[in-house]
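Let me begin by presenting the structure, written as structure tokens, before commenting on it.
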Amino acid sequence: MEITKKRATTVGLVALVLSALLTAMSQVFYAKQVQEVPTFLFTGISFFMTAIYFSFFARKHKQANMWRGNIHYVVKLNVASVLAFMGFYFALKYVESAIVSALEMGIGPLFVLVLAVFAKESIPKAQWVIATGTFIACTILIFAVVSGKSAIQMEINLQVVLALIASVGCGIGAVLCTIYSKRLSEAGWTTSMILANRYYGIILLSFFATFDIFFKYFQGNISWIIAVTAMGVMLPMYLLQIGIQYCSPLIVMMSLCFVPIFAFFFQLFDARLSWSPVSLIGISLLFILGVCSLYLEKRTVSE
């Protein structure tokens, strides 16, 4: 049993890191492309395709029995997914991808511990130290944006402020997505079933926001949307779901701290962005804390 648990944890951690790598690559590419198209055009098409794709694999499972007692988790997962993904893609239009990722992933671990406190769960001191460190890193990154020291030189206006708020909000949404996905997984839902039923809210809101301009942009952008959907949404989400199945919510959120550091170096190839030492400091701190959390999880399982 112990060997099986160690192996499962290893599979989960590897899946999470690979998911972070693919997510970072797609974020940088998307952040550049989205400057020329409506923000939610991508989310509507991409998550519709993702839901259809995973529905094909979920068809062979008897879902009728699985819905009993779990509908409220599906509804909550859809609401959390709207907060996480639509907030994230909105923020990418106004703030550099590495900082958006960092704010999302940095706030997550602290929010996990806050929920654990309300649930009266025992929390090791090391986890508090790591979560506090991520909050400090987030503060550094917010300072980078506000002071004009981020990789994108921008004026602080309402859109930028809303983008920063959206980045933090999608971090909270990501935690809730992790929790509700894990509840469904524990109830016997497969990865394909969860991924096929968590995007209804995103699809409806995205199409509602872009229905009047949808066909104007569809033909000229469908090729890159399909490519980013396959490599930047479907595969990373599948790997992330595996990580959620085998790892704790805190470790899932901490592993996502790899996304900002990957995104930071990938975005160096974007001519719109400049080198930002302040951003690198905050993102590197998140990366170090992410490595420490994964090490602690691995050591805990081995003991």
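If you're wondering about the labels, chains in the structure tokens are A, B, ... by order shown, residues count from 1 in each chain, ligands from 1 in order shown.
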Long-range neighbours of stretch 42-52 of chain A as a PyMOL selection string, 7 Å cut-off, only C-alpha atoms, 3 positions minimum in chain: chain A and resi 39+55-56+195-197+199+202-203+206-207+225+229+234
For N, CA and C atoms, I'd like the residues from the last selection saved as a short mmCIF file (atom, residue, chain, number, x, y, z; two decimals), in the first residue's frame.
```
data_model
loop_
_atom_site.label_atom_id
_atom_site.label_comp_id
_atom_site.auth_asym_id
_atom_site.auth_seq_id
_atom_site.Cartn_x
_atom_site.Cartn_y
_atom_site.Cartn_z
N THR A 39 -11.43 39.41 -25.92
CA THR A 39 -10.88 38.59 -24.83
C THR A 39 -11.51 37.21 -24.74
N SER A 55 -16.10 14.76 -23.49
CA SER A 55 -17.40 14.10 -23.45
C SER A 55 -17.37 12.80 -24.23
N PHE A 56 -16.58 12.77 -25.31
CA PHE A 56 -16.46 11.56 -26.12
C PHE A 56 -15.92 10.40 -25.29
N LEU A 195 -13.78 16.79 -16.64
CA LEU A 195 -13.41 17.80 -17.63
C LEU A 195 -14.52 18.04 -18.65
N ALA A 196 -15.38 17.07 -18.83
CA ALA A 196 -16.49 17.23 -19.78
C ALA A 196 -17.63 18.06 -19.20
N ASN A 197 -17.68 18.22 -17.88
CA ASN A 197 -18.83 18.86 -17.25
C ASN A 197 -18.51 20.11 -16.43
N TYR A 199 -17.20 23.11 -17.74
CA TYR A 199 -17.01 24.34 -18.52
C TYR A 199 -18.31 24.94 -19.05
N ILE A 202 -18.44 28.78 -18.47
CA ILE A 202 -17.48 29.51 -19.31
C ILE A 202 -18.00 29.61 -20.74
N ILE A 203 -18.49 28.50 -21.27
CA ILE A 203 -18.97 28.47 -22.66
C ILE A 203 -20.15 29.42 -22.85
N SER A 206 -19.04 33.15 -22.38
CA SER A 206 -18.15 33.57 -23.45
C SER A 206 -18.91 33.83 -24.74
N PHE A 207 -19.80 32.90 -25.10
CA PHE A 207 -20.57 33.09 -26.33
C PHE A 207 -21.56 34.25 -26.20
N ILE A 225 -6.35 29.04 -32.46
CA ILE A 225 -7.19 28.68 -31.31
C ILE A 225 -7.22 27.17 -31.14
N THR A 229 -5.68 25.31 -27.96
CA THR A 229 -6.63 24.49 -27.22
C THR A 229 -6.08 23.09 -26.98
N MET A 234 -6.36 21.38 -23.38
CA MET A 234 -6.76 19.98 -23.20
C MET A 234 -5.71 19.16 -22.47
#
```
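Pairwise distance (atom CA of A:Ala116, atom CA of A:Val11) equals 25.1 Å.
Nearest to A:Ser279 of all the residues A:Asn221, A:Ser147, A:Ser167, A:Ser26 is A:Ser147, based on only C-alpha atoms.
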Nearby residues (only C-alpha atoms) at most 12 Å from A:Phe143, same-chain spacing under 4 positions excluded, as a PyMOL selection string: chain A and resi 99+103+136-139+147-150+156+164+278-279+281-282
Polymer residues at most 12 Å from A:Pro38, only C-alpha atoms, same-chain spacing of 4 or more positions, as a list of chain:residue names: A:Tyr30, A:Ala31, A:Gln33, A:Val34, A:Phe42, A:Thr43, A:Gly44, A:Ile45, A:Tyr89, A:Phe90, A:Leu92, A:Lys93, A:Ser206, A:Phe207, A:Ala209, A:Thr210, A:Phe211, A:Asp212, A:Ile213, A:Phe214, A:Phe215, A:Lys216, A:Tyr217, A:Phe218, A:Asn221
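Distance-wise, atom CA of A:Ser19 and atom CA of A:Leu141 end up 22.8 Å apart.
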Closest of A:Ile107, A:Leu286, A:Val112, A:Leu205 to A:Ile251 - atom-to-atom distances counting only C-alpha atoms: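 Using only C-alpha atoms, the shortest distance to A:Ile251 belongs to A:Val112.
Counting only C-alpha atoms, the residue from A:Ile142, A:Ala24, A:Val14, A:Met237 that sits nearest to A:Phe265 is A:Ala24.
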Spatial neighbours of A:Asn70, 9 Å, only C-alpha atoms, chain gap at least 6 places, as an NGL selection string: :A and (183-184 or 187)
Kindly save the residues from that selection, with N, CA and C atoms included, as a PDB file, in the first residue's frame.
```pdb
ATOM      1  N   ARG A 183     -13.387  16.423  -4.878  1.00  0.00           N
ATOM      2  CA  ARG A 183     -14.600  15.820  -4.312  1.00  0.00           C
ATOM      3  C   ARG A 183     -15.266  14.895  -5.330  1.00  0.00           C
ATOM      4  N   LEU A 184     -15.329  15.340  -6.571  1.00  0.00           N
ATOM      5  CA  LEU A 184     -15.928  14.514  -7.621  1.00  0.00           C
ATOM      6  C   LEU A 184     -15.086  13.280  -7.899  1.00  0.00           C
ATOM      7  N   ALA A 187     -15.693  10.796  -5.420  1.00  0.00           N
ATOM      8  CA  ALA A 187     -17.030  10.204  -5.581  1.00  0.00           C
ATOM      9  C   ALA A 187     -17.080   9.212  -6.731  1.00  0.00           C
TER      10      ALA A 187
END
```
Backbone-only DSSP, alpha helix (DSSP H) members of stretch 47-179 of chain A, as an MDAnalysis selection string: chainID A and resid 47:58 63:67 71:81 87:91 97:118 125:146 158:179
Polymer residues at most 12 Å from A:Leu239, only C-alpha atoms, same-chain spacing of 6 or more positions, as a list in words: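 Residues meeting the cut-off are Val11, Gly12, Leu13, Val14, Ala15, Leu16, Val17, Leu18, Ser19, Ala20, Leu21, Leu22, Thr23, Thr191, Ser192, Leu195, Met231, Gly232, Val233, Gln245, Tyr246, Val252 and Leu256 of chain A.
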Could you save the residues just selected, with N, CA and C atoms, as a PDB file, in the first residue's frame?
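As written to disk, result.pdb reads:
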```
ATOM      1  N   VAL A  11       3.586  10.093  -9.751  1.00  0.00           N
ATOM      2  CA  VAL A  11       2.846  10.306 -11.002  1.00  0.00           C
ATOM      3  C   VAL A  11       2.126  11.653 -10.962  1.00  0.00           C
ATOM      4  N   GLY A  12       1.495  11.956  -9.823  1.00  0.00           N
ATOM      5  CA  GLY A  12       0.781  13.208  -9.674  1.00  0.00           C
ATOM      6  C   GLY A  12       1.685  14.417  -9.788  1.00  0.00           C
ATOM      7  N   LEU A  13       2.860  14.359  -9.155  1.00  0.00           N
ATOM      8  CA  LEU A  13       3.797  15.491  -9.185  1.00  0.00           C
ATOM      9  C   LEU A  13       4.355  15.713 -10.590  1.00  0.00           C
ATOM     10  N   VAL A  14       4.717  14.627 -11.271  1.00  0.00           N
ATOM     11  CA  VAL A  14       5.227  14.745 -12.644  1.00  0.00           C
ATOM     12  C   VAL A  14       4.158  15.343 -13.556  1.00  0.00           C
ATOM     13  N   ALA A  15       2.932  14.886 -13.389  1.00  0.00           N
ATOM     14  CA  ALA A  15       1.828  15.404 -14.206  1.00  0.00           C
ATOM     15  C   ALA A  15       1.628  16.900 -13.965  1.00  0.00           C
ATOM     16  N   LEU A  16       1.744  17.338 -12.719  1.00  0.00           N
ATOM     17  CA  LEU A  16       1.562  18.749 -12.381  1.00  0.00           C
ATOM     18  C   LEU A  16       2.643  19.627 -13.003  1.00  0.00           C
ATOM     19  N   VAL A  17       3.891  19.162 -12.965  1.00  0.00           N
ATOM     20  CA  VAL A  17       5.001  19.949 -13.528  1.00  0.00           C
ATOM     21  C   VAL A  17       4.867  20.040 -15.056  1.00  0.00           C
ATOM     22  N   LEU A  18       4.516  18.933 -15.705  1.00  0.00           N
ATOM     23  CA  LEU A  18       4.317  18.948 -17.160  1.00  0.00           C
ATOM     24  C   LEU A  18       3.152  19.862 -17.533  1.00  0.00           C
ATOM     25  N   SER A  19       2.106  19.834 -16.722  1.00  0.00           N
ATOM     26  CA  SER A  19       0.965  20.712 -16.955  1.00  0.00           C
ATOM     27  C   SER A  19       1.392  22.176 -16.861  1.00  0.00           C
ATOM     28  N   ALA A  20       2.217  22.487 -15.887  1.00  0.00           N
ATOM     29  CA  ALA A  20       2.707  23.865 -15.713  1.00  0.00           C
ATOM     30  C   ALA A  20       3.528  24.320 -16.914  1.00  0.00           C
ATOM     31  N   LEU A  21       4.377  23.429 -17.430  1.00  0.00           N
ATOM     32  CA  LEU A  21       5.229  23.765 -18.576  1.00  0.00           C
ATOM     33  C   LEU A  21       4.383  24.078 -19.810  1.00  0.00           C
ATOM     34  N   LEU A  22       3.434  23.215 -20.114  1.00  0.00           N
ATOM     35  CA  LEU A  22       2.578  23.421 -21.289  1.00  0.00           C
ATOM     36  C   LEU A  22       1.677  24.646 -21.117  1.00  0.00           C
ATOM     37  N   THR A  23       1.197  24.863 -19.908  1.00  0.00           N
ATOM     38  CA  THR A  23       0.347  26.018 -19.632  1.00  0.00           C
ATOM     39  C   THR A  23       1.109  27.315 -19.855  1.00  0.00           C
ATOM     40  N   THR A 191     -11.459  11.364 -14.777  1.00  0.00           N
ATOM     41  CA  THR A 191     -10.899  12.632 -15.248  1.00  0.00           C
ATOM     42  C   THR A 191     -11.695  13.173 -16.426  1.00  0.00           C
ATOM     43  N   SER A 192     -12.036  12.307 -17.376  1.00  0.00           N
ATOM     44  CA  SER A 192     -12.791  12.740 -18.558  1.00  0.00           C
ATOM     45  C   SER A 192     -14.176  13.253 -18.185  1.00  0.00           C
ATOM     46  N   LEU A 195     -13.779  16.793 -16.636  1.00  0.00           N
ATOM     47  CA  LEU A 195     -13.405  17.803 -17.631  1.00  0.00           C
ATOM     48  C   LEU A 195     -14.520  18.044 -18.651  1.00  0.00           C
ATOM     49  N   MET A 231      -2.806  21.933 -27.149  1.00  0.00           N
ATOM     50  CA  MET A 231      -1.563  21.856 -26.372  1.00  0.00           C
ATOM     51  C   MET A 231      -1.577  22.705 -25.107  1.00  0.00           C
ATOM     52  N   GLY A 232      -2.446  23.719 -25.089  1.00  0.00           N
ATOM     53  CA  GLY A 232      -2.430  24.636 -23.959  1.00  0.00           C
ATOM     54  C   GLY A 232      -3.627  24.540 -23.036  1.00  0.00           C
ATOM     55  N   VAL A 233      -4.648  23.776 -23.432  1.00  0.00           N
ATOM     56  CA  VAL A 233      -5.827  23.626 -22.577  1.00  0.00           C
ATOM     57  C   VAL A 233      -6.117  22.150 -22.309  1.00  0.00           C
ATOM     58  N   GLN A 245      -6.010  14.342  -8.583  1.00  0.00           N
ATOM     59  CA  GLN A 245      -6.456  13.031  -8.109  1.00  0.00           C
ATOM     60  C   GLN A 245      -5.486  12.436  -7.095  1.00  0.00           C
ATOM     61  N   TYR A 246      -4.178  12.655  -7.288  1.00  0.00           N
ATOM     62  CA  TYR A 246      -3.175  11.989  -6.464  1.00  0.00           C
ATOM     63  C   TYR A 246      -2.504  12.875  -5.419  1.00  0.00           C
ATOM     64  N   VAL A 252      -1.127  20.867  -5.151  1.00  0.00           N
ATOM     65  CA  VAL A 252      -1.559  21.216  -6.507  1.00  0.00           C
ATOM     66  C   VAL A 252      -1.322  22.696  -6.754  1.00  0.00           C
ATOM     67  N   LEU A 256       1.752  24.722  -9.196  1.00  0.00           N
ATOM     68  CA  LEU A 256       1.444  25.684 -10.243  1.00  0.00           C
ATOM     69  C   LEU A 256       2.325  26.925 -10.157  1.00  0.00           C
TER      70      LEU A 256
END
```
Gap from atom CA of A:Thr9 to atom CA of A:Cys247 - Å, one decimal: 6.2 Å
